[in-house]
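Undergrad: Contents of start17.txt (compact mmCIF, C-alpha atoms and all ligand atoms) are given next:
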```
# COMPACT_ATOMS: atom_id res chain seq x y z
CA MET A 1 0.71 34.45 -11.55
CA GLY A 2 2.07 36.05 -14.63
CA THR A 3 2.52 39.12 -12.39
CA PRO A 4 5.19 40.29 -9.91
CA LEU A 5 3.13 38.42 -7.31
CA ASP A 6 4.08 35.09 -8.91
CA LEU A 7 7.26 34.87 -6.83
CA LEU A 8 7.66 31.15 -7.46
CA ASP A 9 6.91 31.04 -11.22
CA VAL A 10 3.87 28.86 -10.58
CA ASP A 11 2.55 30.20 -13.86
CA ALA A 12 5.06 28.05 -15.70
CA SER A 13 3.51 24.86 -14.35
CA LEU A 14 0.11 25.62 -15.87
CA SER A 15 -0.81 24.17 -19.26
CA GLU A 16 -1.43 26.42 -22.25
CA GLU A 17 -5.14 25.57 -22.07
CA GLU A 18 -5.32 26.48 -18.37
CA ARG A 19 -3.64 29.82 -19.07
CA GLN A 20 -6.05 30.50 -21.93
CA ILE A 21 -9.13 29.79 -19.81
CA ARG A 22 -7.74 32.06 -17.12
CA ALA A 23 -7.15 34.86 -19.64
CA VAL A 24 -10.70 34.61 -21.00
CA VAL A 25 -12.25 34.80 -17.51
CA ARG A 26 -9.94 37.64 -16.48
CA ARG A 27 -11.07 39.62 -19.54
CA LEU A 28 -14.72 38.94 -18.78
CA VAL A 29 -14.26 40.13 -15.19
CA ASP A 30 -12.43 43.25 -16.38
CA ASP A 31 -15.21 44.07 -18.86
CA ARG A 32 -18.36 43.01 -17.08
CA VAL A 33 -17.68 42.97 -13.34
CA ARG A 34 -14.99 45.47 -12.34
CA PRO A 35 -16.63 48.59 -13.79
CA HIS A 36 -19.92 47.91 -11.96
CA VAL A 37 -19.26 45.83 -8.88
CA ALA A 38 -18.76 48.66 -6.39
CA GLY A 39 -22.23 49.94 -7.30
CA TRP A 40 -23.81 46.48 -7.10
CA TYR A 41 -22.24 46.05 -3.70
CA GLU A 42 -23.33 49.42 -2.41
CA ASP A 43 -26.90 48.97 -3.70
CA GLY A 44 -27.08 45.32 -2.64
CA ASP A 45 -28.40 44.62 -6.10
CA VAL A 46 -26.61 42.48 -8.69
CA PRO A 47 -27.92 41.56 -12.17
CA ALA A 48 -27.42 37.87 -11.40
CA ARG A 49 -29.59 36.48 -14.21
CA GLU A 50 -27.83 38.59 -16.82
CA LEU A 51 -24.42 37.57 -15.46
CA ALA A 52 -25.45 33.91 -15.40
CA ARG A 53 -26.29 34.05 -19.12
CA GLU A 54 -22.93 35.64 -19.89
CA PHE A 55 -21.09 33.08 -17.77
CA GLY A 56 -23.14 30.37 -19.49
CA ARG A 57 -22.13 31.61 -22.93
CA LEU A 58 -18.48 31.26 -21.90
CA GLY A 59 -19.06 27.74 -20.55
CA LEU A 60 -18.28 28.64 -16.91
CA LEU A 61 -21.39 27.08 -15.33
CA GLY A 62 -20.74 23.49 -14.33
CA MET A 63 -17.55 23.74 -16.40
CA HIS A 64 -15.89 20.79 -14.65
CA LEU A 65 -18.87 18.49 -15.34
CA THR A 66 -19.13 16.39 -18.50
CA GLY A 67 -22.00 16.06 -21.00
CA TYR A 68 -25.37 17.88 -20.98
CA GLY A 69 -23.86 21.09 -22.34
CA CYS A 70 -21.06 21.23 -19.72
CA ALA A 71 -17.47 21.99 -20.75
CA GLY A 72 -15.74 19.01 -19.05
CA SER A 73 -12.68 21.02 -18.02
CA SER A 74 -10.12 20.04 -15.40
CA MET A 75 -10.51 21.04 -11.75
CA VAL A 76 -7.39 23.21 -12.09
CA ALA A 77 -9.01 25.13 -14.97
CA TYR A 78 -12.20 25.47 -12.94
CA GLY A 79 -10.16 26.71 -9.99
CA LEU A 80 -8.37 29.30 -12.10
CA ALA A 81 -11.75 30.54 -13.34
CA CYS A 82 -12.94 30.83 -9.73
CA LEU A 83 -9.80 32.77 -8.82
CA GLU A 84 -10.40 35.28 -11.61
CA LEU A 85 -14.11 35.61 -10.79
CA GLU A 86 -13.41 36.23 -7.11
CA ALA A 87 -10.75 38.81 -8.01
CA GLY A 88 -13.85 40.65 -9.23
CA ASP A 89 -16.05 39.82 -6.23
CA SER A 90 -16.71 36.81 -3.97
CA GLY A 91 -20.44 37.23 -4.64
CA VAL A 92 -19.93 36.79 -8.37
CA ARG A 93 -17.83 33.67 -7.78
CA SER A 94 -20.55 32.42 -5.40
CA LEU A 95 -23.09 32.63 -8.22
CA VAL A 96 -20.92 30.32 -10.33
CA SER A 97 -20.05 27.98 -7.43
CA VAL A 98 -23.62 27.48 -6.29
CA GLN A 99 -24.90 26.99 -9.82
CA GLY A 100 -22.13 24.63 -10.97
CA SER A 101 -20.71 22.86 -7.96
CA LEU A 102 -23.78 22.65 -5.72
CA ALA A 103 -27.00 22.67 -7.76
CA MET A 104 -25.77 21.27 -11.10
CA HIS A 105 -23.36 18.86 -9.47
CA ALA A 106 -26.19 17.42 -7.35
CA VAL A 107 -28.33 16.83 -10.45
CA TRP A 108 -25.37 15.51 -12.47
CA ARG A 109 -24.23 13.09 -9.78
CA PHE A 110 -27.47 12.03 -8.12
CA GLY A 111 -30.24 12.77 -10.63
CA GLY A 112 -31.97 10.37 -13.03
CA GLU A 113 -31.52 10.73 -16.79
CA GLU A 114 -34.71 12.79 -17.10
CA HIS A 115 -33.58 15.22 -14.39
CA LYS A 116 -30.29 15.71 -16.20
CA GLN A 117 -31.88 16.26 -19.61
CA ARG A 118 -34.47 18.63 -18.14
CA TRP A 119 -32.16 20.85 -16.09
CA LEU A 120 -28.46 20.56 -16.91
CA PRO A 121 -28.32 22.09 -20.43
CA ALA A 122 -30.51 25.03 -19.33
CA MET A 123 -28.44 25.54 -16.17
CA ALA A 124 -25.14 25.28 -18.10
CA ALA A 125 -26.42 28.00 -20.43
CA GLY A 126 -27.45 30.20 -17.50
CA GLU A 127 -31.06 30.12 -18.69
CA ALA A 128 -32.18 28.33 -15.52
CA ILE A 129 -30.82 29.23 -12.08
CA GLY A 130 -30.43 26.70 -9.31
CA CYS A 131 -30.01 26.95 -5.57
CA PHE A 132 -28.95 24.44 -2.89
CA GLY A 133 -30.92 24.36 0.33
CA LEU A 134 -29.18 22.60 3.18
CA THR A 135 -28.83 25.18 5.99
CA GLU A 136 -31.86 25.86 8.18
CA PRO A 137 -32.62 28.66 10.63
CA ASP A 138 -31.69 26.40 13.58
CA HIS A 139 -29.21 24.03 11.91
CA GLY A 140 -26.07 25.28 10.16
CA SER A 141 -22.83 23.47 11.01
CA ASP A 142 -24.87 20.44 12.13
CA PRO A 143 -27.09 19.62 9.12
CA ALA A 144 -27.66 16.10 10.46
CA SER A 145 -30.15 17.68 12.87
CA MET A 146 -32.24 19.22 10.07
CA THR A 147 -35.96 19.39 10.69
CA THR A 148 -37.25 19.96 7.14
CA ARG A 149 -39.27 16.85 6.49
CA ALA A 150 -40.52 14.98 3.42
CA ARG A 151 -43.30 12.43 3.87
CA ARG A 152 -45.05 10.15 1.40
CA ASP A 153 -48.65 10.81 0.42
CA GLY A 154 -49.58 8.08 -2.06
CA ASP A 155 -46.96 8.39 -4.81
CA ASP A 156 -46.35 12.05 -4.00
CA TRP A 157 -44.04 13.67 -1.47
CA ILE A 158 -45.07 16.48 0.89
CA LEU A 159 -42.30 18.84 2.09
CA ASP A 160 -42.53 21.03 5.19
CA GLY A 161 -39.80 23.15 6.74
CA ALA A 162 -37.52 26.11 6.17
CA LYS A 163 -34.10 26.77 4.68
CA MET A 164 -31.99 29.81 5.53
CA TRP A 165 -29.06 31.69 3.96
CA ILE A 166 -29.61 30.11 0.57
CA THR A 167 -27.62 31.72 -2.24
CA ASN A 168 -29.72 32.56 -5.32
CA ALA A 169 -32.97 31.30 -3.70
CA PRO A 170 -35.05 34.41 -4.57
CA ILE A 171 -34.09 34.22 -8.26
CA ALA A 172 -33.86 30.45 -8.66
CA ASP A 173 -35.95 28.36 -11.03
CA VAL A 174 -35.16 25.14 -9.21
CA GLY A 175 -33.95 24.26 -5.74
CA VAL A 176 -32.03 21.19 -4.64
CA ILE A 177 -33.70 20.81 -1.24
CA TRP A 178 -32.43 18.41 1.41
CA ALA A 179 -35.02 16.92 3.78
CA ARG A 180 -35.35 14.22 6.39
CA THR A 181 -37.45 11.19 5.34
CA ASP A 182 -38.16 7.82 6.95
CA GLU A 183 -35.15 6.55 4.98
CA GLY A 184 -32.80 9.30 6.17
CA VAL A 185 -31.79 12.53 4.42
CA ARG A 186 -32.82 12.69 0.74
CA GLY A 187 -32.53 15.36 -1.95
CA PHE A 188 -35.46 16.75 -3.94
CA LEU A 189 -35.60 18.85 -7.09
CA VAL A 190 -38.14 21.54 -6.33
CA PRO A 191 -39.30 23.98 -9.04
CA MET A 192 -39.39 27.24 -7.10
CA ASP A 193 -42.83 28.16 -8.44
CA THR A 194 -44.41 25.06 -6.83
CA PRO A 195 -47.37 26.05 -4.59
CA GLY A 196 -46.23 26.26 -0.96
CA VAL A 197 -42.67 27.41 -1.79
CA THR A 198 -41.78 31.00 -0.90
CA ALA A 199 -38.32 32.52 -1.18
CA ARG A 200 -37.69 35.84 0.54
CA GLU A 201 -34.53 37.85 0.07
CA ILE A 202 -32.32 38.44 3.10
CA ARG A 203 -31.50 42.16 3.09
CA ARG A 204 -29.09 44.21 5.20
CA LYS A 205 -26.14 41.88 4.72
CA MET A 206 -22.83 43.63 5.37
CA SER A 207 -20.97 41.02 3.31
CA LEU A 208 -21.51 39.40 -0.12
CA ARG A 209 -23.80 42.26 -1.06
CA ALA A 210 -23.27 41.52 -4.76
CA SER A 211 -24.92 38.12 -4.28
CA VAL A 212 -28.58 37.26 -3.81
CA THR A 213 -29.31 35.37 -0.58
CA GLY A 214 -32.67 34.16 0.65
CA GLU A 215 -34.71 32.09 3.03
CA ILE A 216 -37.08 29.44 1.74
CA ALA A 217 -40.35 28.46 3.42
CA LEU A 218 -41.75 25.05 2.48
CA ASP A 219 -45.36 24.78 3.48
CA GLY A 220 -47.11 21.54 2.51
CA VAL A 221 -45.25 21.45 -0.81
CA ARG A 222 -46.65 18.59 -2.92
CA LEU A 223 -44.12 17.04 -5.28
CA PRO A 224 -44.46 14.11 -7.69
CA ALA A 225 -42.54 10.89 -6.92
CA ASP A 226 -39.93 11.76 -9.55
CA ALA A 227 -38.87 14.93 -7.69
CA LEU A 228 -36.62 12.67 -5.60
CA LEU A 229 -32.95 12.52 -6.66
CA PRO A 230 -32.56 8.73 -6.84
CA GLY A 231 -28.82 8.60 -6.13
CA ALA A 232 -28.80 10.94 -3.13
CA VAL A 233 -29.14 8.79 -0.03
CA GLY A 234 -28.03 10.09 3.37
CA LEU A 235 -26.12 13.18 4.43
CA ARG A 236 -23.08 12.04 2.46
CA ALA A 237 -24.79 13.26 -0.72
CA PRO A 238 -25.06 16.99 0.14
CA LEU A 239 -21.68 16.85 1.90
CA SER A 240 -20.04 15.53 -1.28
CA CYS A 241 -21.49 18.50 -3.21
CA LEU A 242 -19.97 20.83 -0.61
CA THR A 243 -16.57 19.15 -1.00
CA GLU A 244 -16.83 19.85 -4.73
CA ALA A 245 -17.75 23.51 -4.21
CA ARG A 246 -15.01 24.08 -1.61
CA GLN A 247 -12.40 23.32 -4.24
CA GLY A 248 -13.52 26.43 -6.10
CA ILE A 249 -13.31 28.41 -2.86
CA VAL A 250 -9.72 27.25 -2.22
CA TRP A 251 -8.79 29.06 -5.47
CA GLY A 252 -11.40 31.79 -5.34
CA ALA A 253 -10.25 33.26 -2.03
CA LEU A 254 -6.81 33.77 -3.59
CA GLY A 255 -8.48 35.92 -6.25
CA ALA A 256 -9.93 38.30 -3.68
CA ALA A 257 -6.53 38.38 -1.93
CA ARG A 258 -4.70 39.04 -5.21
CA ASP A 259 -6.93 42.00 -5.99
CA CYS A 260 -6.23 43.42 -2.52
CA LEU A 261 -2.49 42.87 -2.89
CA GLU A 262 -2.34 44.43 -6.34
CA THR A 263 -4.31 47.42 -5.07
CA ALA A 264 -2.01 47.82 -2.04
CA LEU A 265 1.14 47.47 -4.15
CA SER A 266 -0.02 50.09 -6.57
CA TYR A 267 -1.21 52.44 -3.81
CA ALA A 268 2.01 52.07 -1.85
CA GLY A 269 4.00 52.88 -4.97
CA THR A 270 2.27 56.20 -5.57
CA ARG A 271 1.20 57.51 -2.16
CA THR A 272 3.91 59.65 -0.61
CA GLN A 273 4.37 60.40 3.11
CA PHE A 274 7.46 61.78 4.85
CA GLY A 275 8.82 62.53 1.37
CA ARG A 276 8.85 59.03 -0.03
CA PRO A 277 6.40 56.41 -1.35
CA LEU A 278 4.81 54.15 1.27
CA ALA A 279 6.40 51.23 -0.61
CA GLY A 280 9.82 52.54 0.38
CA PHE A 281 9.21 52.08 4.12
CA GLN A 282 10.62 48.89 5.57
CA LEU A 283 7.46 48.21 7.56
CA THR A 284 5.35 48.41 4.40
CA GLN A 285 7.73 46.09 2.56
CA ALA A 286 7.62 43.61 5.43
CA LYS A 287 3.82 43.57 5.20
CA LEU A 288 3.89 43.17 1.43
CA ALA A 289 6.54 40.44 1.55
CA ASP A 290 4.74 38.41 4.22
CA MET A 291 1.44 38.68 2.36
CA ALA A 292 2.98 37.71 -0.97
CA VAL A 293 4.68 34.70 0.63
CA GLU A 294 1.36 33.54 2.13
CA TRP A 295 -0.40 34.12 -1.17
CA ASN A 296 2.13 32.03 -3.06
CA LYS A 297 1.92 29.22 -0.49
CA GLY A 298 -1.86 29.31 -0.93
CA LEU A 299 -1.49 29.09 -4.68
CA LEU A 300 0.81 26.07 -4.43
CA LEU A 301 -1.71 24.43 -2.10
CA ALA A 302 -4.59 25.12 -4.49
CA LEU A 303 -2.63 23.77 -7.43
CA HIS A 304 -1.60 20.64 -5.52
CA LEU A 305 -5.20 19.92 -4.48
CA GLY A 306 -6.42 20.66 -8.02
CA ARG A 307 -3.94 18.17 -9.49
CA LEU A 308 -4.99 15.56 -6.89
CA ALA A 309 -8.63 16.14 -7.87
CA ASP A 310 -7.80 15.74 -11.55
CA ALA A 311 -5.95 12.51 -10.72
CA GLY A 312 -9.06 11.31 -8.84
CA THR A 313 -7.32 10.88 -5.49
CA LEU A 314 -8.37 14.00 -3.55
CA ARG A 315 -9.85 13.35 -0.08
CA PRO A 316 -12.41 15.62 1.63
CA ASP A 317 -10.07 16.26 4.60
CA GLN A 318 -7.45 17.54 2.15
CA VAL A 319 -10.02 19.99 0.79
CA SER A 320 -10.57 21.11 4.40
CA VAL A 321 -6.85 21.92 4.66
CA GLY A 322 -7.17 24.10 1.56
CA LYS A 323 -10.38 25.86 2.56
CA LEU A 324 -9.17 26.50 6.11
CA ASN A 325 -5.80 27.88 5.05
CA ASN A 326 -6.63 29.82 1.94
CA VAL A 327 -9.74 31.62 3.21
CA ARG A 328 -8.09 32.42 6.55
CA GLU A 329 -4.96 33.78 4.82
CA ALA A 330 -6.97 35.66 2.19
CA LEU A 331 -8.91 37.40 4.94
CA ALA A 332 -5.67 38.25 6.80
CA ILE A 333 -4.22 39.64 3.56
CA ALA A 334 -7.33 41.75 2.89
CA ARG A 335 -7.21 43.24 6.40
CA GLN A 336 -3.48 43.95 6.17
CA CYS A 337 -3.85 45.55 2.72
CA ARG A 338 -6.52 47.79 4.18
CA THR A 339 -4.00 49.23 6.62
CA ILE A 340 -1.66 50.11 3.75
CA LEU A 341 -4.41 52.19 2.17
CA GLY A 342 -4.97 54.12 5.38
CA ALA A 343 -8.30 55.96 5.35
CA ASN A 344 -8.78 55.13 1.68
CA GLY A 345 -8.83 51.51 2.80
CA VAL A 346 -12.31 51.96 4.21
CA SER A 347 -13.62 53.63 1.05
CA GLY A 348 -15.74 51.90 -1.57
CA GLU A 349 -13.60 53.67 -4.15
CA TYR A 350 -11.10 50.86 -3.56
CA PRO A 351 -11.99 47.15 -3.57
CA VAL A 352 -10.12 46.14 -0.41
CA MET A 353 -12.76 46.56 2.29
CA ARG A 354 -15.39 44.98 0.02
CA HIS A 355 -13.18 41.90 -0.40
CA ALA A 356 -12.46 41.79 3.34
CA ASN A 357 -16.18 41.96 4.15
CA ASN A 358 -16.98 39.32 1.54
CA LEU A 359 -14.34 36.97 2.91
CA GLU A 360 -16.12 37.02 6.28
CA SER A 361 -18.96 35.10 4.59
CA VAL A 362 -16.56 32.84 2.72
CA LEU A 363 -14.92 31.99 6.07
CA THR A 364 -18.33 30.87 7.35
CA TYR A 365 -20.10 29.19 4.46
CA GLU A 366 -19.24 25.77 3.04
CA GLY A 367 -18.11 24.73 6.51
CA THR A 368 -16.82 27.31 8.98
CA SER A 369 -13.11 27.52 9.68
CA GLU A 370 -13.75 25.85 13.05
CA ILE A 371 -15.49 22.90 11.41
CA HIS A 372 -12.55 22.47 9.00
CA GLN A 373 -10.16 22.58 11.98
CA LEU A 374 -12.20 19.75 13.49
CA VAL A 375 -11.98 17.75 10.24
CA VAL A 376 -8.20 18.16 10.19
CA GLY A 377 -8.06 17.44 13.94
CA GLN A 378 -9.97 14.21 13.41
CA ARG A 379 -7.58 13.18 10.63
CA LEU A 380 -4.61 13.81 12.93
CA THR A 381 -5.95 12.22 16.09
CA GLY A 382 -8.48 9.68 14.90
CA LEU A 383 -10.96 11.24 17.34
CA SER A 384 -14.11 13.11 16.36
CA ALA A 385 -14.57 16.28 18.43
CA PHE A 386 -17.72 17.46 16.68
CA GLY A 387 -20.40 16.42 19.15
C1 LIG B 401 -23.79 34.76 2.39
C2 LIG B 401 -24.06 33.33 2.74
C3 LIG B 401 -24.48 32.45 1.74
C4 LIG B 401 -24.81 31.13 2.08
N1 LIG B 401 -25.28 30.27 1.09
C5 LIG B 401 -25.71 29.03 1.44
C6 LIG B 401 -26.33 28.16 0.47
O1 LIG B 401 -26.42 28.50 -0.72
N2 LIG B 401 -26.84 26.97 0.88
C7 LIG B 401 -26.77 26.55 2.18
O2 LIG B 401 -27.27 25.47 2.47
N3 LIG B 401 -26.18 27.35 3.13
C8 LIG B 401 -25.66 28.56 2.79
N4 LIG B 401 -25.07 29.38 3.74
C9 LIG B 401 -25.07 28.95 5.13
C10 LIG B 401 -23.72 28.51 5.66
O3 LIG B 401 -23.31 27.31 5.07
C11 LIG B 401 -23.83 28.42 7.19
O4 LIG B 401 -23.92 29.75 7.66
C12 LIG B 401 -22.66 27.69 7.83
O5 LIG B 401 -22.72 26.32 7.60
C13 LIG B 401 -22.61 27.92 9.37
O6 LIG B 401 -23.83 27.69 9.94
P1 LIG B 401 -24.48 28.78 10.94
O7 LIG B 401 -24.40 30.11 10.30
O8 LIG B 401 -25.81 28.26 11.33
O9 LIG B 401 -23.51 28.82 12.18
P2 LIG B 401 -23.50 27.82 13.44
O10 LIG B 401 -23.48 26.41 12.95
O11 LIG B 401 -24.55 28.23 14.39
O12 LIG B 401 -22.07 28.15 14.06
C14 LIG B 401 -21.81 29.36 14.80
C15 LIG B 401 -20.37 29.30 15.29
O13 LIG B 401 -20.19 28.16 16.14
C16 LIG B 401 -19.13 27.35 15.64
N5 LIG B 401 -19.41 25.92 15.84
C17 LIG B 401 -20.53 25.23 15.50
N6 LIG B 401 -20.39 23.93 15.85
C18 LIG B 401 -19.16 23.81 16.40
C19 LIG B 401 -18.42 22.73 16.97
N7 LIG B 401 -18.89 21.48 16.97
N8 LIG B 401 -17.19 22.99 17.47
C20 LIG B 401 -16.67 24.25 17.42
N9 LIG B 401 -17.31 25.31 16.93
C21 LIG B 401 -18.54 25.09 16.42
C22 LIG B 401 -19.08 27.68 14.15
O14 LIG B 401 -17.81 27.34 13.61
C23 LIG B 401 -19.35 29.16 14.16
O15 LIG B 401 -18.18 29.86 14.47
C24 LIG B 401 -24.67 30.69 3.41
C25 LIG B 401 -24.20 31.58 4.40
C26 LIG B 401 -23.87 32.88 4.06
C27 LIG B 401 -23.37 33.82 5.12
```
For this file, produce the structure as structure tokens.
TA:
Amino acid sequence: MGTPLDLLDVDASLSEEERQIRAVVRRLVDDRVRPHVAGWYEDGDVPARELAREFGRLGLLGMHLTGYGCAGSSMVAYGLACLELEAGDSGVRSLVSVQGSLAMHAVWRFGGEEHKQRWLPAMAAGEAIGCFGLTEPDHGSDPASMTTRARRDGDDWILDGAKMWITNAPIADVGVIWARTDEGVRGFLVPMDTPGVTAREIRRKMSLRASVTGEIALDGVRLPADALLPGAVGLRAPLSCLTEARQGIVWGALGAARDCLETALSYAGTRTQFGRPLAGFQLTQAKLADMAVEWNKGLLLALHLGRLADAGTLRPDQVSVGKLNNVREALAIARQCRTILGANGVSGEYPVMRHANNLESVLTYEGTSEIHQLVVGQRLTGLSAFG
């Protein structure tokens, strides 16, 4: 968009405001992420709190929500911001997605007025960090089988269980924790310093290393009655948050792919073998052309889904189409770009392998590609093949 990659002039169909938001985020990523991200990735250590405050100052956290210090922007503008963030790193975009689309969205949509006043302005400013605990050690794609339990004790609730692979958990101030109760799955707002809550960082990840991931142990955690999110009843509630967050991923994955493509284009233009630039070989051009075509199709898909969301008509199975296609194609593009860089493709001096590794996580979280195939399959056939 706005680059040679924008083969279809999609840029022209964006509003002035959308282009401006994109430019601001692109500048932020150029200044604050690009110069450092290879080091964060290598060290497995990202200054997430500092970044959250900077993103908060720019209004990127919960930017598509309204009121309580949130910017109230369109889903297309939010998507463009995700694309630019993920052109920096998928881990950095994950920080914004989990904060805005999972944790803040859960409070905004299902919380009582006091929850919203207490948490949303601080989270929008990046002063408070949230996490979203649905996945468990033994229950990932099938959250309906969760074993984390909340039981009544007088007016209080007692939570016992464990959550696994939770983005931001070790640095979070508050967790949106999903647990089974006698009335089905409910959501709880859990201050992470509550006695009985421990969050341990998951180390040795080979993907999303510039993102903090943790496991949460909940051991007899006593919570007051008002920790319950009143509007979140049943598994539909966390699933609706995931649908929200996936829309950012549909765009975000294209950011990682764009960065790979731009790197490969530039490399192929300057690296010479057999007396001519790699870009002059027909096989290289075929790779570049096929990747650019897929990237542009992905962009049209993201824009179409974003416009449907802004019109209020987007269905979850349509978001599955976008997540399935755009993450799968972004990963294919990253792998293909790596071949164009030859040995340099495996070096951390270039962003391509980092993006490819990151996209392995993006393919798996927020519903694996197989689960999204099943959602689309169900839409086509009317038959559920999940169980
Ligand atoms: C870096 C990272 C960050 C994450 N952050 C969060 C977070 O913040 N909050 C959170 O709650 N979770 C988070 N997750 C967890 C993520 O959502 C889960 O990993 C995902 O839902 C898949 O669950 P699983 O890993 O247990 O895999 P499983 O469910 O065990 O699946 C393993 C494989 O089996 C396939 N499979 C499973 N069921 C079926 C079926 N019915 N038919 C066909 N194939 C099937 C899957 O597609 C997959 O290929 C994160 C994960 C990662 C890697």
Undergrad: Hey, which residues sit close to ligand LIG 401 (chain B)? Say within 9 Å, counting all atoms listed in the file, and write them as a PyMOL selection string.
TA: chain A and resi 91+94+98+102+131-143+163-169+177-178+205+207-209+211-214+358+360-374+385-387
Undergrad: Go ahead and write the selection's residues with C-alpha atoms as a short mmCIF file (atom, residue, chain, number, x, y, z; two decimals), keeping the file's coordinate frame.
TA:
```cif
data_model
loop_
_atom_site.label_atom_id
_atom_site.label_comp_id
_atom_site.auth_asym_id
_atom_site.auth_seq_id
_atom_site.Cartn_x
_atom_site.Cartn_y
_atom_site.Cartn_z
CA GLY A 91 -20.44 37.23 -4.64
CA SER A 94 -20.55 32.42 -5.40
CA VAL A 98 -23.62 27.48 -6.29
CA LEU A 102 -23.78 22.65 -5.72
CA CYS A 131 -30.01 26.95 -5.57
CA PHE A 132 -28.95 24.44 -2.89
CA GLY A 133 -30.92 24.36 0.33
CA LEU A 134 -29.18 22.60 3.18
CA THR A 135 -28.83 25.18 5.99
CA GLU A 136 -31.86 25.86 8.18
CA PRO A 137 -32.62 28.66 10.63
CA ASP A 138 -31.69 26.40 13.58
CA HIS A 139 -29.21 24.03 11.91
CA GLY A 140 -26.07 25.28 10.16
CA SER A 141 -22.83 23.47 11.01
CA ASP A 142 -24.87 20.44 12.13
CA PRO A 143 -27.09 19.62 9.12
CA LYS A 163 -34.10 26.77 4.68
CA MET A 164 -31.99 29.81 5.53
CA TRP A 165 -29.06 31.69 3.96
CA ILE A 166 -29.61 30.11 0.57
CA THR A 167 -27.62 31.72 -2.24
CA ASN A 168 -29.72 32.56 -5.32
CA ALA A 169 -32.97 31.30 -3.70
CA ILE A 177 -33.70 20.81 -1.24
CA TRP A 178 -32.43 18.41 1.41
CA LYS A 205 -26.14 41.88 4.72
CA SER A 207 -20.97 41.02 3.31
CA LEU A 208 -21.51 39.40 -0.12
CA ARG A 209 -23.80 42.26 -1.06
CA SER A 211 -24.92 38.12 -4.28
CA VAL A 212 -28.58 37.26 -3.81
CA THR A 213 -29.31 35.37 -0.58
CA GLY A 214 -32.67 34.16 0.65
CA ASN A 358 -16.98 39.32 1.54
CA GLU A 360 -16.12 37.02 6.28
CA SER A 361 -18.96 35.10 4.59
CA VAL A 362 -16.56 32.84 2.72
CA LEU A 363 -14.92 31.99 6.07
CA THR A 364 -18.33 30.87 7.35
CA TYR A 365 -20.10 29.19 4.46
CA GLU A 366 -19.24 25.77 3.04
CA GLY A 367 -18.11 24.73 6.51
CA THR A 368 -16.82 27.31 8.98
CA SER A 369 -13.11 27.52 9.68
CA GLU A 370 -13.75 25.85 13.05
CA ILE A 371 -15.49 22.90 11.41
CA HIS A 372 -12.55 22.47 9.00
CA GLN A 373 -10.16 22.58 11.98
CA LEU A 374 -12.20 19.75 13.49
CA ALA A 385 -14.57 16.28 18.43
CA PHE A 386 -17.72 17.46 16.68
CA GLY A 387 -20.40 16.42 19.15
#
```
Undergrad: Find, counting only C-alpha atoms, the residue in A:Ala87, A:Ala268, A:Ala302, A:Ala179 that gets nearest to Asp30 of chain A.
TA: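 Of A:Ala87, A:Ala268, A:Ala302, A:Ala179, the one nearest Asp30 of chain A is A:Ala87, counting only C-alpha atoms.
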Undergrad: How many Å lie between atom CA of His304 of chain A and atom CA of Glu18 of chain A, rounded to one decimal?
TA: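 If I compute the distance from atom CA of His304 of chain A to atom CA of Glu18 of chain A, I get 14.6 Å.
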Undergrad: Name the residues, using the chain letters and numbers of the file, that sit within 12 Å of (-46.6, 14.8, -2.9) when counting all atoms listed in the file, and give them as a ChimeraX atom specification.
TA: /A:150-160,188,190,194-196,219-228
Undergrad: Could you name the residues that touch segment 50-56 of chain A at 8 Å or less, counting all atoms listed in the file, but leaving out those on the same chain fewer than 6 positions away, as a PyMOL selection string?
TA: chain A and resi 95-96+123-127+129
Undergrad: Hey, which of A:Ala264, A:Val376, A:Ala311, A:Leu324 ends up closest to Gln336 of chain A? Count all atoms listed in the file.
TA: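 Of A:Ala264, A:Val376, A:Ala311, A:Leu324, the one nearest Gln336 of chain A, counting all atoms listed in the file, is A:Ala264.
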Undergrad: Near Gly306 of chain A, counting all atoms listed in the file, which residues have an atom at most 12 Å away, once you skip same-chain residues fewer than 5 positions from it, shown as a list of chain:residue names?
TA: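 Once the adjacent positions are removed, what remains is A:Leu14, A:Glu18, A:His64, A:Ser73, A:Ser74, A:Met75, A:Val76, A:Ala77, A:Tyr78, A:Gly79, A:Leu80, A:Glu244, A:Arg246, A:Gln247, A:Gly248, A:Ile249, A:Val250, A:Trp251, A:Leu299, A:Leu300, A:Leu301, A:Ala311, A:Gly312, A:Thr313, A:Leu314, A:Arg315, A:Gln318, A:Val319, A:Gly322.
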Undergrad: From the options A:Leu380, A:Val107, A:Val92, A:Leu278, which residue's atoms come nearest to Trp40 of chain A, counting only C-alpha atoms?
TA: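 Nearest candidate to Trp40 of chain A out of A:Leu380, A:Val107, A:Val92, A:Leu278: A:Val92.
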Undergrad: So how far away is atom CA of Leu218 of chain A from atom CA of Gly161 of chain A, in Å?
TA: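 According to the coordinates, atom CA of Gly161 of chain A and atom CA of Leu218 of chain A are separated by 5.1 Å.
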Undergrad: Using all atoms listed in the file, determine which residues lie at most 10 Å from Glu42 of chain A, disregarding the query and same-chain residues fewer than 6 positions distant; provide the list as an mmCIF file with C-alpha atoms, in the frame of the given file.
TA:
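Final output, saved to result_10.cif:
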```
data_model
loop_
_atom_site.group_PDB
_atom_site.id
_atom_site.type_symbol
_atom_site.label_atom_id
_atom_site.label_comp_id
_atom_site.auth_asym_id
_atom_site.auth_seq_id
_atom_site.Cartn_x
_atom_site.Cartn_y
_atom_site.Cartn_z
ATOM 1 C CA MET A 206 -22.830 43.630 5.370
ATOM 2 C CA ARG A 209 -23.800 42.260 -1.060
ATOM 3 C CA ALA A 210 -23.270 41.520 -4.760
ATOM 4 C CA GLY A 348 -15.740 51.900 -1.570
ATOM 5 C CA ARG A 354 -15.390 44.980 0.020
#
```
